[in-house]
>>> print(open('start01.txt').read())   # compact mmCIF, C-alpha atoms and all ligand atoms
# COMPACT_ATOMS: atom_id res chain seq x y z
CA MET A 1 0.00 0.00 0.00
CA MET A 2 1.05 3.62 -0.44
CA LYS A 3 -0.02 6.89 1.13
CA ARG A 4 -0.77 10.11 -0.69
CA ALA A 5 -2.08 13.63 -0.08
CA GLN A 6 -4.60 15.16 -2.47
CA ILE A 7 -6.04 18.61 -3.02
CA VAL A 8 -9.76 17.87 -3.12
CA GLU A 9 -11.21 21.35 -2.61
CA PRO A 10 -9.61 24.77 -3.08
CA LEU A 11 -7.97 26.20 0.07
CA LYS A 12 -8.99 23.22 2.19
CA PRO A 13 -6.58 20.86 4.05
CA LEU A 14 -5.19 18.00 2.00
CA LEU A 15 -6.94 14.65 2.09
CA ILE A 16 -4.59 11.81 3.05
CA THR A 17 -5.56 8.42 1.59
CA GLU A 18 -4.07 4.96 1.17
CA ILE A 19 -4.13 3.14 -2.16
CA SER A 20 -2.25 0.28 -3.79
CA ILE A 21 1.23 0.97 -5.15
CA PRO A 22 0.83 1.55 -8.91
CA LYS A 23 2.31 -0.78 -11.53
CA PRO A 24 5.05 0.67 -13.73
CA PRO A 25 3.90 1.73 -17.23
CA GLN A 26 5.45 -0.33 -20.05
CA ASN A 27 8.16 2.26 -20.83
CA GLY A 28 8.19 3.80 -17.40
CA ALA A 29 8.94 3.33 -13.73
CA VAL A 30 7.59 3.66 -10.23
CA ILE A 31 9.76 5.76 -7.94
CA LYS A 32 9.79 5.38 -4.16
CA THR A 33 9.72 9.01 -3.09
CA CYS A 34 12.42 10.20 -0.68
CA PHE A 35 11.90 13.98 -0.88
CA SER A 36 9.34 16.22 -2.57
CA GLY A 37 9.62 20.01 -2.71
CA ILE A 38 6.69 22.30 -1.93
CA CYS A 39 6.51 24.80 -4.79
CA HIS A 40 4.54 28.00 -5.24
CA SER A 41 2.82 26.34 -8.24
CA ASP A 42 1.32 23.86 -5.75
CA LEU A 43 -0.37 26.87 -4.13
CA ASN A 44 -1.90 27.84 -7.50
CA GLN A 45 -3.36 24.33 -7.75
CA TRP A 46 -4.56 24.52 -4.14
CA ARG A 47 -6.30 27.86 -4.77
CA ASN A 48 -7.45 26.58 -8.16
CA TYR A 49 -6.77 29.89 -9.85
CA ILE A 50 -3.89 32.07 -10.87
CA ASP A 51 -4.19 35.81 -10.41
CA GLN A 52 -3.97 37.50 -13.81
CA GLY A 53 -4.53 41.05 -12.65
CA GLU A 54 -7.82 42.52 -13.79
CA PHE A 55 -9.54 39.18 -13.76
CA LYS A 56 -8.96 36.02 -11.81
CA LYS A 57 -8.46 33.22 -14.25
CA HIS A 58 -9.96 30.01 -12.93
CA PHE A 59 -8.57 26.74 -14.10
CA THR A 60 -11.89 25.14 -14.91
CA ASP A 61 -10.87 24.57 -18.55
CA ASN A 62 -7.28 23.55 -17.80
CA PRO A 63 -6.85 19.77 -17.46
CA ASN A 64 -3.80 20.33 -15.25
CA TYR A 65 -5.97 21.86 -12.53
CA VAL A 66 -8.98 19.59 -12.40
CA LEU A 67 -9.39 18.44 -8.81
CA PRO A 68 -8.55 16.13 -7.15
CA ILE A 69 -4.82 16.69 -7.66
CA VAL A 70 -1.87 14.94 -6.03
CA PRO A 71 0.65 17.81 -6.23
CA GLY A 72 4.43 17.62 -6.14
CA HIS A 73 6.75 18.09 -9.10
CA GLU A 74 10.09 18.34 -7.25
CA ILE A 75 10.71 14.65 -6.67
CA SER A 76 13.78 12.66 -5.73
CA GLY A 77 13.80 9.00 -4.78
CA VAL A 78 14.89 5.52 -5.74
CA VAL A 79 13.61 3.39 -8.61
CA TYR A 80 11.16 0.86 -7.12
CA SER A 81 9.96 -0.99 -10.23
CA LEU A 82 10.40 -0.80 -14.00
CA GLY A 83 8.18 -1.46 -17.02
CA GLU A 84 9.09 -4.23 -19.50
CA ALA A 85 10.23 -1.74 -22.16
CA SER A 86 12.00 0.76 -19.86
CA ALA A 87 15.43 2.17 -20.73
CA GLU A 88 18.34 -0.18 -20.02
CA ASN A 89 20.45 2.44 -18.25
CA ILE A 90 17.92 2.78 -15.40
CA LYS A 91 17.94 0.04 -12.76
CA VAL A 92 15.86 -0.73 -9.67
CA GLY A 93 17.51 1.00 -6.69
CA ASP A 94 19.01 3.87 -8.73
CA ARG A 95 18.97 7.26 -7.00
CA VAL A 96 17.03 9.58 -9.30
CA VAL A 97 15.08 12.80 -9.84
CA VAL A 98 11.97 13.01 -12.01
CA TYR A 99 11.68 15.47 -14.89
CA PRO A 100 8.03 16.47 -14.39
CA TRP A 101 7.36 18.71 -17.43
CA ILE A 102 6.05 15.95 -19.67
CA GLY A 103 4.08 16.83 -22.81
CA CYS A 104 2.00 14.95 -25.35
CA GLY A 105 5.09 13.18 -26.71
CA THR A 106 4.15 13.65 -30.37
CA CYS A 107 4.14 17.39 -31.22
CA GLY A 108 7.19 19.18 -32.65
CA TYR A 109 8.12 20.58 -29.24
CA CYS A 110 7.93 17.20 -27.50
CA VAL A 111 9.92 15.23 -30.06
CA ASN A 112 12.64 17.89 -29.80
CA ASP A 113 12.75 17.79 -25.97
CA ASN A 114 11.07 21.17 -25.53
CA THR A 115 8.09 19.81 -23.59
CA PRO A 116 7.43 23.01 -21.56
CA LEU A 117 6.11 24.57 -24.79
CA CYS A 118 3.77 21.67 -25.62
CA ASP A 119 0.18 22.93 -25.95
CA ARG A 120 -1.11 19.65 -24.59
CA ARG A 121 1.16 19.55 -21.53
CA HIS A 122 -1.20 17.79 -19.19
CA HIS A 123 0.68 14.59 -18.49
CA GLY A 124 3.15 16.25 -16.14
CA VAL A 125 4.06 14.51 -12.90
CA GLY A 126 2.33 16.51 -10.14
CA ILE A 127 0.75 18.78 -12.73
CA GLY A 128 -1.72 16.57 -14.60
CA ALA A 129 -0.80 13.12 -13.32
CA PRO A 130 -0.32 12.34 -9.57
CA GLY A 131 2.92 13.76 -8.15
CA GLY A 132 5.32 13.65 -5.24
CA TYR A 133 2.90 14.25 -2.36
CA ALA A 134 2.83 10.45 -2.25
CA THR A 135 5.12 7.68 -1.10
CA TYR A 136 5.33 6.22 -4.65
CA VAL A 137 5.12 8.00 -8.01
CA GLN A 138 4.49 6.62 -11.47
CA VAL A 139 6.60 8.03 -14.32
CA PRO A 140 5.30 7.23 -17.85
CA ASP A 141 8.72 6.90 -19.50
CA THR A 142 12.19 6.25 -18.02
CA LYS A 143 13.46 8.97 -20.39
CA PHE A 144 12.14 11.39 -17.73
CA VAL A 145 14.08 9.70 -14.93
CA VAL A 146 17.48 11.32 -14.37
CA LYS A 147 20.16 9.56 -12.32
CA VAL A 148 21.72 11.49 -9.44
CA PRO A 149 25.47 11.09 -8.74
CA ASP A 150 26.34 9.64 -5.31
CA SER A 151 27.92 12.92 -4.20
CA VAL A 152 24.66 14.88 -4.63
CA PRO A 153 22.31 14.29 -1.66
CA LEU A 154 18.70 13.46 -2.58
CA ASN A 155 17.31 16.24 -0.35
CA VAL A 156 19.20 18.73 -2.53
CA ALA A 157 18.51 16.86 -5.78
CA CYS A 158 14.71 17.05 -5.34
CA MET A 159 14.83 20.83 -5.84
CA LEU A 160 16.56 20.56 -9.21
CA PRO A 161 13.59 19.69 -11.51
CA CYS A 162 11.69 22.91 -10.70
CA SER A 163 13.35 25.62 -8.58
CA GLY A 164 16.84 24.60 -9.77
CA LEU A 165 15.96 24.06 -13.43
CA THR A 166 13.75 27.16 -13.73
CA THR A 167 16.43 29.44 -12.35
CA PHE A 168 19.09 27.63 -14.43
CA SER A 169 17.04 28.51 -17.54
CA ALA A 170 16.71 32.12 -16.34
CA VAL A 171 20.45 32.40 -15.69
CA LYS A 172 21.13 31.00 -19.17
CA VAL A 173 19.05 33.86 -20.64
CA ALA A 174 20.83 36.33 -18.33
CA LYS A 175 24.21 34.92 -19.37
CA VAL A 176 23.66 35.92 -22.99
CA ALA A 177 22.64 39.45 -21.92
CA VAL A 178 25.45 39.81 -19.38
CA GLU A 179 28.15 38.56 -21.77
CA LYS A 180 26.96 40.97 -24.46
CA THR A 181 27.05 43.90 -22.02
CA THR A 182 30.46 42.82 -20.69
CA LEU A 183 31.76 42.99 -24.26
CA TYR A 184 30.69 46.65 -24.50
CA LYS A 185 31.28 47.91 -20.94
CA GLY A 186 33.84 45.51 -19.52
CA LYS A 187 31.42 44.41 -16.79
CA ALA A 188 27.71 43.98 -16.15
CA SER A 189 25.20 44.00 -13.31
CA LEU A 190 22.42 41.55 -12.39
CA LEU A 191 19.58 42.14 -9.94
CA VAL A 192 17.75 39.07 -8.64
CA ILE A 193 14.35 39.95 -7.17
CA GLY A 194 13.36 37.37 -4.55
CA SER A 195 15.70 35.53 -2.21
CA GLY A 196 13.56 32.54 -1.20
CA GLY A 197 13.73 28.99 -2.55
CA LEU A 198 14.07 30.11 -6.18
CA GLY A 199 16.07 33.27 -5.58
CA LEU A 200 18.84 31.52 -3.64
CA TRP A 201 19.30 28.94 -6.42
CA CYS A 202 19.30 31.79 -8.93
CA LEU A 203 22.01 33.68 -7.05
CA GLN A 204 24.19 30.59 -6.68
CA LEU A 205 23.84 29.66 -10.36
CA ALA A 206 24.46 33.25 -11.46
CA ARG A 207 27.68 33.37 -9.42
CA SER A 208 28.74 30.06 -10.89
CA LEU A 209 27.90 30.73 -14.56
CA LEU A 210 28.25 34.47 -15.21
CA PRO A 211 31.57 36.25 -15.87
CA PRO A 212 33.41 36.94 -12.57
CA THR A 213 33.24 40.70 -13.22
CA THR A 214 29.43 40.60 -12.92
CA LYS A 215 27.94 42.52 -10.00
CA ILE A 216 25.17 40.34 -8.53
CA VAL A 217 22.67 41.91 -6.12
CA ALA A 218 19.62 40.41 -4.37
CA ALA A 219 16.43 42.34 -3.53
CA ASP A 220 13.53 41.21 -1.36
CA ILE A 221 10.94 42.49 1.10
CA ASN A 222 11.70 39.60 3.46
CA GLU A 223 14.61 40.48 5.71
CA LYS A 224 15.10 36.89 6.92
CA SER A 225 15.47 35.59 3.35
CA LEU A 226 17.91 38.38 2.55
CA LYS A 227 19.97 37.42 5.58
CA VAL A 228 20.62 34.00 4.01
CA ALA A 229 21.67 35.64 0.71
CA SER A 230 23.89 38.02 2.64
CA GLU A 231 25.51 35.13 4.55
CA GLN A 232 26.27 33.56 1.17
CA GLY A 233 28.17 36.72 0.27
CA PHE A 234 25.65 38.53 -1.92
CA GLU A 235 24.95 42.25 -1.69
CA CYS A 236 21.35 42.78 -0.65
CA ILE A 237 18.62 45.40 -0.92
CA HIS A 238 15.77 45.37 1.59
CA TRP A 239 12.65 46.75 -0.07
CA ASN A 240 9.29 47.28 1.61
CA LEU A 241 5.83 47.13 0.07
CA GLU A 242 5.19 50.83 0.75
CA MET A 243 7.93 51.84 -1.68
CA THR A 244 7.14 53.45 -5.02
CA LYS A 245 8.87 52.32 -8.20
CA GLU A 246 11.15 55.35 -7.95
CA GLU A 247 12.09 54.73 -4.30
CA ALA A 248 12.77 51.03 -4.91
CA SER A 249 14.89 51.65 -8.01
CA LYS A 250 16.83 54.44 -6.23
CA MET A 251 17.68 52.05 -3.41
CA ALA A 252 18.67 49.33 -5.89
CA ALA A 253 20.76 51.82 -7.88
CA SER A 254 22.97 52.46 -4.86
CA LYS A 255 24.34 48.90 -5.13
CA SER A 256 24.84 48.87 -8.89
CA TYR A 257 27.96 50.22 -10.54
CA ASP A 258 26.15 52.61 -12.88
CA GLY A 259 22.76 53.39 -11.37
CA SER A 260 20.63 50.56 -12.75
CA TYR A 261 20.93 46.98 -13.96
CA ASP A 262 21.88 45.37 -17.26
CA CYS A 263 19.79 42.35 -16.38
CA VAL A 264 17.02 41.74 -13.85
CA ILE A 265 15.67 38.28 -12.98
CA ASP A 266 12.33 38.46 -11.19
CA VAL A 267 11.68 35.13 -9.50
CA VAL A 268 8.58 36.52 -7.75
CA ASN A 269 6.92 38.22 -10.73
CA SER A 270 4.02 39.87 -8.97
CA SER A 271 2.42 43.16 -10.05
CA TRP A 272 4.60 44.90 -7.46
CA THR A 273 7.93 43.26 -8.32
CA ALA A 274 7.48 43.37 -12.12
CA GLU A 275 7.00 47.13 -11.94
CA LYS A 276 10.16 47.44 -9.81
CA ALA A 277 12.10 45.14 -12.17
CA PHE A 278 11.24 47.45 -15.04
CA GLY A 279 12.18 50.49 -12.93
CA CYS A 280 15.64 49.01 -12.26
CA SER A 281 16.38 48.48 -15.96
CA HIS A 282 17.98 50.83 -18.48
CA ARG A 283 18.80 50.98 -22.20
CA GLY A 284 19.59 47.54 -23.53
CA SER A 285 18.59 45.73 -20.32
CA THR A 286 17.06 42.28 -20.29
CA ILE A 287 14.28 41.54 -17.78
CA VAL A 288 13.69 37.85 -17.16
CA MET A 289 10.30 36.94 -15.68
CA VAL A 290 10.30 33.66 -13.80
CA GLY A 291 7.89 33.60 -10.85
CA LEU A 292 4.21 32.71 -11.02
CA PHE A 293 3.01 34.88 -8.15
CA GLY A 294 0.48 36.44 -10.54
CA GLY A 295 -0.87 39.88 -11.29
CA ALA A 296 -0.31 42.46 -14.01
CA PHE A 297 1.53 45.74 -14.47
CA LYS A 298 1.40 48.71 -16.81
CA LEU A 299 4.21 48.74 -19.34
CA PRO A 300 5.39 52.12 -20.73
CA LEU A 301 5.61 51.08 -24.39
CA PRO A 302 7.98 53.81 -25.70
CA GLN A 303 10.52 52.76 -23.04
CA MET A 304 10.56 49.29 -24.56
CA VAL A 305 11.48 50.75 -27.96
CA HIS A 306 13.66 53.71 -26.98
CA GLY A 307 15.36 51.61 -24.34
CA ALA A 308 15.70 48.56 -26.64
CA ARG A 309 14.74 46.45 -23.61
CA THR A 310 14.11 42.73 -23.75
CA LEU A 311 11.32 41.22 -21.69
CA GLN A 312 11.66 37.45 -21.57
CA GLY A 313 9.40 34.93 -19.85
CA VAL A 314 10.97 31.65 -18.75
CA LEU A 315 8.87 28.53 -18.20
CA THR A 316 10.71 25.83 -16.23
CA GLY A 317 13.34 24.18 -18.48
CA VAL A 318 14.04 21.35 -20.90
CA LEU A 319 15.09 17.78 -20.10
CA PRO A 320 18.69 18.10 -21.43
CA ASP A 321 19.13 21.14 -19.16
CA LEU A 322 18.06 19.12 -16.10
CA ARG A 323 20.76 16.55 -16.95
CA GLU A 324 23.28 19.40 -17.37
CA LEU A 325 22.19 20.95 -14.06
CA VAL A 326 22.60 17.68 -12.15
CA GLN A 327 26.18 17.44 -13.46
CA LEU A 328 26.82 21.09 -12.64
CA VAL A 329 25.66 20.63 -9.03
CA GLU A 330 28.00 17.65 -8.76
CA LYS A 331 31.02 19.53 -10.17
CA LYS A 332 30.58 22.92 -8.50
CA SER A 333 29.67 22.77 -4.87
CA LEU A 334 26.67 25.09 -4.94
CA THR A 335 25.13 25.96 -1.59
CA PRO A 336 21.45 24.92 -1.65
CA PRO A 337 18.77 27.06 0.02
CA PRO A 338 18.01 26.21 3.67
CA ILE A 339 15.56 23.31 3.87
CA ILE A 340 12.51 23.16 6.14
CA TYR A 341 11.24 19.58 6.42
CA PHE A 342 7.63 18.45 6.68
CA SER A 343 6.10 14.98 6.90
CA LEU A 344 3.45 14.06 4.32
CA ASP A 345 0.81 14.52 7.05
CA ASP A 346 2.12 18.07 7.58
CA ALA A 347 2.38 18.99 3.87
CA TYR A 348 -0.66 21.24 4.25
CA GLU A 349 1.11 23.19 7.00
CA GLY A 350 4.08 23.60 4.63
CA MET A 351 1.78 24.98 1.94
CA CYS A 352 0.17 27.39 4.42
CA ARG A 353 3.55 28.67 5.60
CA LEU A 354 4.71 29.17 2.00
CA ASN A 355 1.46 30.98 1.26
CA GLU A 356 2.05 33.31 4.22
CA GLY A 357 5.66 34.00 3.17
CA LYS A 358 6.91 32.29 6.33
CA LEU A 359 9.34 29.79 4.78
CA GLN A 360 12.94 31.03 4.65
CA GLY A 361 14.24 28.57 2.05
CA ARG A 362 12.57 25.52 0.51
CA GLY A 363 9.86 23.50 2.22
CA ILE A 364 10.40 19.81 1.50
CA ILE A 365 8.32 16.75 2.33
CA LYS A 366 10.59 14.09 3.77
CA TYR A 367 9.54 10.46 3.60
CA ASP A 368 10.58 7.74 6.04
CA GLY A 369 12.81 4.87 5.03
ZN ZN B 401 7.55 24.32 -9.20
ZN ZN B 402 3.63 17.94 -27.19
>>> encode(input="start01.txt", output="structure tokens", more="lines below")
Ligand SMILES: [Zn+2]
Ligand SMILES: [Zn+2]
Amino acid sequence: MMKRAQIVEPLKPLLITEISIPKPPQNGAVIKTCFSGICHSDLNQWRNYIDQGEFKKHFTDNPNYVLPIVPGHEISGVVYSLGEASAENIKVGDRVVVYPWIGCGTCGYCVNDNTPLCDRRHHGVGIGAPGGYATYVQVPDTKFVVKVPDSVPLNVACMLPCSGLTTFSAVKVAKVAVEKTTLYKGKASLLVIGSGGLGLWCLQLARSLLPPTTKIVAADINEKSLKVASEQGFECIHWNLEMTKEEASKMAASKSYDGSYDCVIDVVNSSWTAEKAFGCSHRGSTIVMVGLFGGAFKLPLPQMVHGARTLQGVLTGVLPDLRELVQLVEKKSLTPPPIIYFSLDDAYEGMCRLNEGKLQGRGIIKYDG
């Protein structure tokens, strides 16, 4: 038997049930879950809507959000059983993470490993199909099972398929912008808005992948989160929600080398932060939008053209990049965000604390045995 937690009704506690352990699909596997991250996207499922500013978009027509849902798309564990036609390089007992962003498998995006762009992406683990808020998880194809080197602990590895991969994709976009600016100015500056679970990965990856001349600064309204970034050696800006765009960008400017930023990565991406991200940019800047907090903001259109700014949205990341990220974490000893553990029975409490902004780091469900 296995145990799992489901979202049955919006904003209500999770329902814990026991069911039989699933059989592995023909090409796939069943993973015994060791750790499962609690992501902000789980909160969107739990609320059953995402705030889109002027109107609240309900997920009634989105197959990924039809309740009940077993959330959890940041999964690490060991291979428990394998289908008859599973890949030969994956064995029972292997330490693995699950790539959850699975698409239809047949469209042009899917056959070229760009599943996040699949229009029919509703087979994702923890997104359409049952996810990691369960002691066992079914994965449809072993292609989406990525082995974890012995030197990378599974509690760290579980964060890689979403918070790690998403920020890795954002830093890859930033890298192009930063390297171009460095060519012209000899150096560049990056502002990372948000220093929680995603922001701390983003800062670590930026430090590891961007030219060493890059000035990297973290901004947040949460002083406790900033303290962690500061302890990791990053310069920090403590904003507060009362600040106007001008006040926030003036404060941010004091830490930059030329008054604003060549690149801004917004891992929160709320109405409030997106406006500030734009305010901290200048001619030629790239603004990378990552978070799914929700909302909308007014965009001064001439400043896009006169300022030749780039506004780029980043949606998770592709399977080859998860493999690359796992290797990168093995080679470079990146400091993971602080981890706050919850049992499966307490997963709801973890979601509530994330919702209230009271998790300094990543909330992770830890399974026994
Ligand atoms: Zn996520
Ligand atoms: Zn597809």
>>> closest_residue(input="start01.txt", among="A:Gly313, A:Gly357, A:Pro320, A:Gly37", to="ligand ZN 401 (chain B)", atoms="all atoms listed in the file")
A:Gly37
>>> residues_around(input="start01.txt", residues="A:Leu226", least_positions_apart="2", cutoff="10 Å", atoms="only C-alpha atoms", output="ChimeraX atom specification")
/A:194-196,199-200,218-224,228-232,234-238,360
>>> write_last_selection(input="start01.txt", atoms="C-alpha atoms", output="JSON list (two decimals), keeping the file's coordinate frame")
[["chain", "number", "residue", "atom", "x", "y", "z"],
["A", 194, "GLY", "CA", 13.36, 37.37, -4.55],
["A", 195, "SER", "CA", 15.70, 35.53, -2.21],
["A", 196, "GLY", "CA", 13.56, 32.54, -1.20],
["A", 199, "GLY", "CA", 16.07, 33.27, -5.58],
["A", 200, "LEU", "CA", 18.84, 31.52, -3.64],
["A", 218, "ALA", "CA", 19.62, 40.41, -4.37],
["A", 219, "ALA", "CA", 16.43, 42.34, -3.53],
["A", 220, "ASP", "CA", 13.53, 41.21, -1.36],
["A", 221, "ILE", "CA", 10.94, 42.49, 1.10],
["A", 222, "ASN", "CA", 11.70, 39.60, 3.46],
["A", 223, "GLU", "CA", 14.61, 40.48, 5.71],
["A", 224, "LYS", "CA", 15.10, 36.89, 6.92],
["A", 228, "VAL", "CA", 20.62, 34.00, 4.01],
["A", 229, "ALA", "CA", 21.67, 35.64, 0.71],
["A", 230, "SER", "CA", 23.89, 38.02, 2.64],
["A", 231, "GLU", "CA", 25.51, 35.13, 4.55],
["A", 232, "GLN", "CA", 26.27, 33.56, 1.17],
["A", 234, "PHE", "CA", 25.65, 38.53, -1.92],
["A", 235, "GLU", "CA", 24.95, 42.25, -1.69],
["A", 236, "CYS", "CA", 21.35, 42.78, -0.65],
["A", 237, "ILE", "CA", 18.62, 45.40, -0.92],
["A", 238, "HIS", "CA", 15.77, 45.37, 1.59],
["A", 360, "GLN", "CA", 12.94, 31.03, 4.65]]
>>> residues_near_ligand(input="start01.txt", ligand="ligand ZN 401 (chain B)", cutoff="10 Å", atoms="all atoms listed in the file", output="ChimeraX atom specification")
/A:37-43,71-74,100-101,126-127,159-166,198,291-292,316
>>> write_last_selection(input="start01.txt", atoms="C-alpha atoms", output="mmCIF file, in the frame of the given file")
data_model
loop_
_atom_site.group_PDB
_atom_site.id
_atom_site.type_symbol
_atom_site.label_atom_id
_atom_site.label_comp_id
_atom_site.auth_asym_id
_atom_site.auth_seq_id
_atom_site.Cartn_x
_atom_site.Cartn_y
_atom_site.Cartn_z
ATOM 1 C CA GLY A 37 9.620 20.010 -2.710
ATOM 2 C CA ILE A 38 6.690 22.300 -1.930
ATOM 3 C CA CYS A 39 6.510 24.800 -4.790
ATOM 4 C CA HIS A 40 4.540 28.000 -5.240
ATOM 5 C CA SER A 41 2.820 26.340 -8.240
ATOM 6 C CA ASP A 42 1.320 23.860 -5.750
ATOM 7 C CA LEU A 43 -0.370 26.870 -4.130
ATOM 8 C CA PRO A 71 0.650 17.810 -6.230
ATOM 9 C CA GLY A 72 4.430 17.620 -6.140
ATOM 10 C CA HIS A 73 6.750 18.090 -9.100
ATOM 11 C CA GLU A 74 10.090 18.340 -7.250
ATOM 12 C CA PRO A 100 8.030 16.470 -14.390
ATOM 13 C CA TRP A 101 7.360 18.710 -17.430
ATOM 14 C CA GLY A 126 2.330 16.510 -10.140
ATOM 15 C CA ILE A 127 0.750 18.780 -12.730
ATOM 16 C CA MET A 159 14.830 20.830 -5.840
ATOM 17 C CA LEU A 160 16.560 20.560 -9.210
ATOM 18 C CA PRO A 161 13.590 19.690 -11.510
ATOM 19 C CA CYS A 162 11.690 22.910 -10.700
ATOM 20 C CA SER A 163 13.350 25.620 -8.580
ATOM 21 C CA GLY A 164 16.840 24.600 -9.770
ATOM 22 C CA LEU A 165 15.960 24.060 -13.430
ATOM 23 C CA THR A 166 13.750 27.160 -13.730
ATOM 24 C CA LEU A 198 14.070 30.110 -6.180
ATOM 25 C CA GLY A 291 7.890 33.600 -10.850
ATOM 26 C CA LEU A 292 4.210 32.710 -11.020
ATOM 27 C CA THR A 316 10.710 25.830 -16.230
#
>>> residues_near_ligand(input="start01.txt", ligand="ligand ZN 402 (chain B)", cutoff="9 Å", atoms="only C-alpha atoms and all ligand atoms", output="list in words")
Ile102, Gly103, Cys104, Gly105, Thr106, Cys107, Gly108, Tyr109, Cys110, Val111, Asn114, Thr115, Pro116, Leu117, Cys118, Asp119, Arg120 and Arg121 of chain A
>>> write_last_selection(input="start01.txt", atoms="C-alpha atoms", output="mmCIF file, in the frame of the given file")
data_model
loop_
_atom_site.group_PDB
_atom_site.id
_atom_site.type_symbol
_atom_site.label_atom_id
_atom_site.label_comp_id
_atom_site.auth_asym_id
_atom_site.auth_seq_id
_atom_site.Cartn_x
_atom_site.Cartn_y
_atom_site.Cartn_z
ATOM 1 C CA ILE A 102 6.050 15.950 -19.670
ATOM 2 C CA GLY A 103 4.080 16.830 -22.810
ATOM 3 C CA CYS A 104 2.000 14.950 -25.350
ATOM 4 C CA GLY A 105 5.090 13.180 -26.710
ATOM 5 C CA THR A 106 4.150 13.650 -30.370
ATOM 6 C CA CYS A 107 4.140 17.390 -31.220
ATOM 7 C CA GLY A 108 7.190 19.180 -32.650
ATOM 8 C CA TYR A 109 8.120 20.580 -29.240
ATOM 9 C CA CYS A 110 7.930 17.200 -27.500
ATOM 10 C CA VAL A 111 9.920 15.230 -30.060
ATOM 11 C CA ASN A 114 11.070 21.170 -25.530
ATOM 12 C CA THR A 115 8.090 19.810 -23.590
ATOM 13 C CA PRO A 116 7.430 23.010 -21.560
ATOM 14 C CA LEU A 117 6.110 24.570 -24.790
ATOM 15 C CA CYS A 118 3.770 21.670 -25.620
ATOM 16 C CA ASP A 119 0.180 22.930 -25.950
ATOM 17 C CA ARG A 120 -1.110 19.650 -24.590
ATOM 18 C CA ARG A 121 1.160 19.550 -21.530
#
>>> residues_near_point(input="start01.txt", point="(-1.8, 11.7, 10.0)", cutoff="10 Å", atoms="only C-alpha atoms", output="count of residues only")
7
>>> closest_residue(input="start01.txt", among="A:Ala296, A:Val176, A:Leu11, A:Ile339", to="A:Asp51", atoms="all atoms listed in the file")
A:Ala296
>>> residues_near_point(input="start01.txt", point="(21.0, 29.5, -10.1)", cutoff="10 Å", atoms="only C-alpha atoms", output="MDAnalysis selection string")
chainID A and resid 163:172 198:209 325 334 336
>>> decode(input="start01.txt", residues="stretch 341-350 of chain A", atoms="N, CA, C and O atoms", output="compact mmCIF listing (two decimals), in the first residue's frame")
# COMPACT_ATOMS: atom_id res chain seq x y z
N TYR A 341 11.87 20.88 6.70
CA TYR A 341 11.24 19.58 6.42
C TYR A 341 9.83 19.48 6.99
O TYR A 341 9.54 20.00 8.06
N PHE A 342 8.99 18.77 6.23
CA PHE A 342 7.63 18.45 6.68
C PHE A 342 7.39 16.97 6.40
O PHE A 342 7.95 16.41 5.46
N SER A 343 6.53 16.34 7.23
CA SER A 343 6.10 14.98 6.90
C SER A 343 4.96 15.10 5.89
O SER A 343 4.43 16.20 5.68
N LEU A 344 4.57 14.00 5.27
CA LEU A 344 3.45 14.06 4.32
C LEU A 344 2.18 14.53 5.03
O LEU A 344 1.40 15.31 4.48
N ASP A 345 2.00 14.09 6.28
CA ASP A 345 0.81 14.52 7.05
C ASP A 345 0.82 16.03 7.30
O ASP A 345 -0.23 16.62 7.50
N ASP A 346 2.01 16.63 7.32
CA ASP A 346 2.12 18.07 7.58
C ASP A 346 2.32 18.89 6.31
O ASP A 346 2.65 20.09 6.39
N ALA A 347 2.14 18.27 5.14
CA ALA A 347 2.38 18.99 3.87
C ALA A 347 1.49 20.23 3.77
O ALA A 347 1.90 21.28 3.26
N TYR A 348 0.27 20.09 4.30
CA TYR A 348 -0.66 21.24 4.25
C TYR A 348 -0.10 22.43 5.04
O TYR A 348 -0.20 23.57 4.61
N GLU A 349 0.51 22.12 6.19
CA GLU A 349 1.11 23.19 7.00
C GLU A 349 2.24 23.87 6.20
O GLU A 349 2.38 25.09 6.22
N GLY A 350 3.02 23.05 5.48
CA GLY A 350 4.08 23.60 4.63
C GLY A 350 3.52 24.54 3.58
O GLY A 350 4.08 25.62 3.34
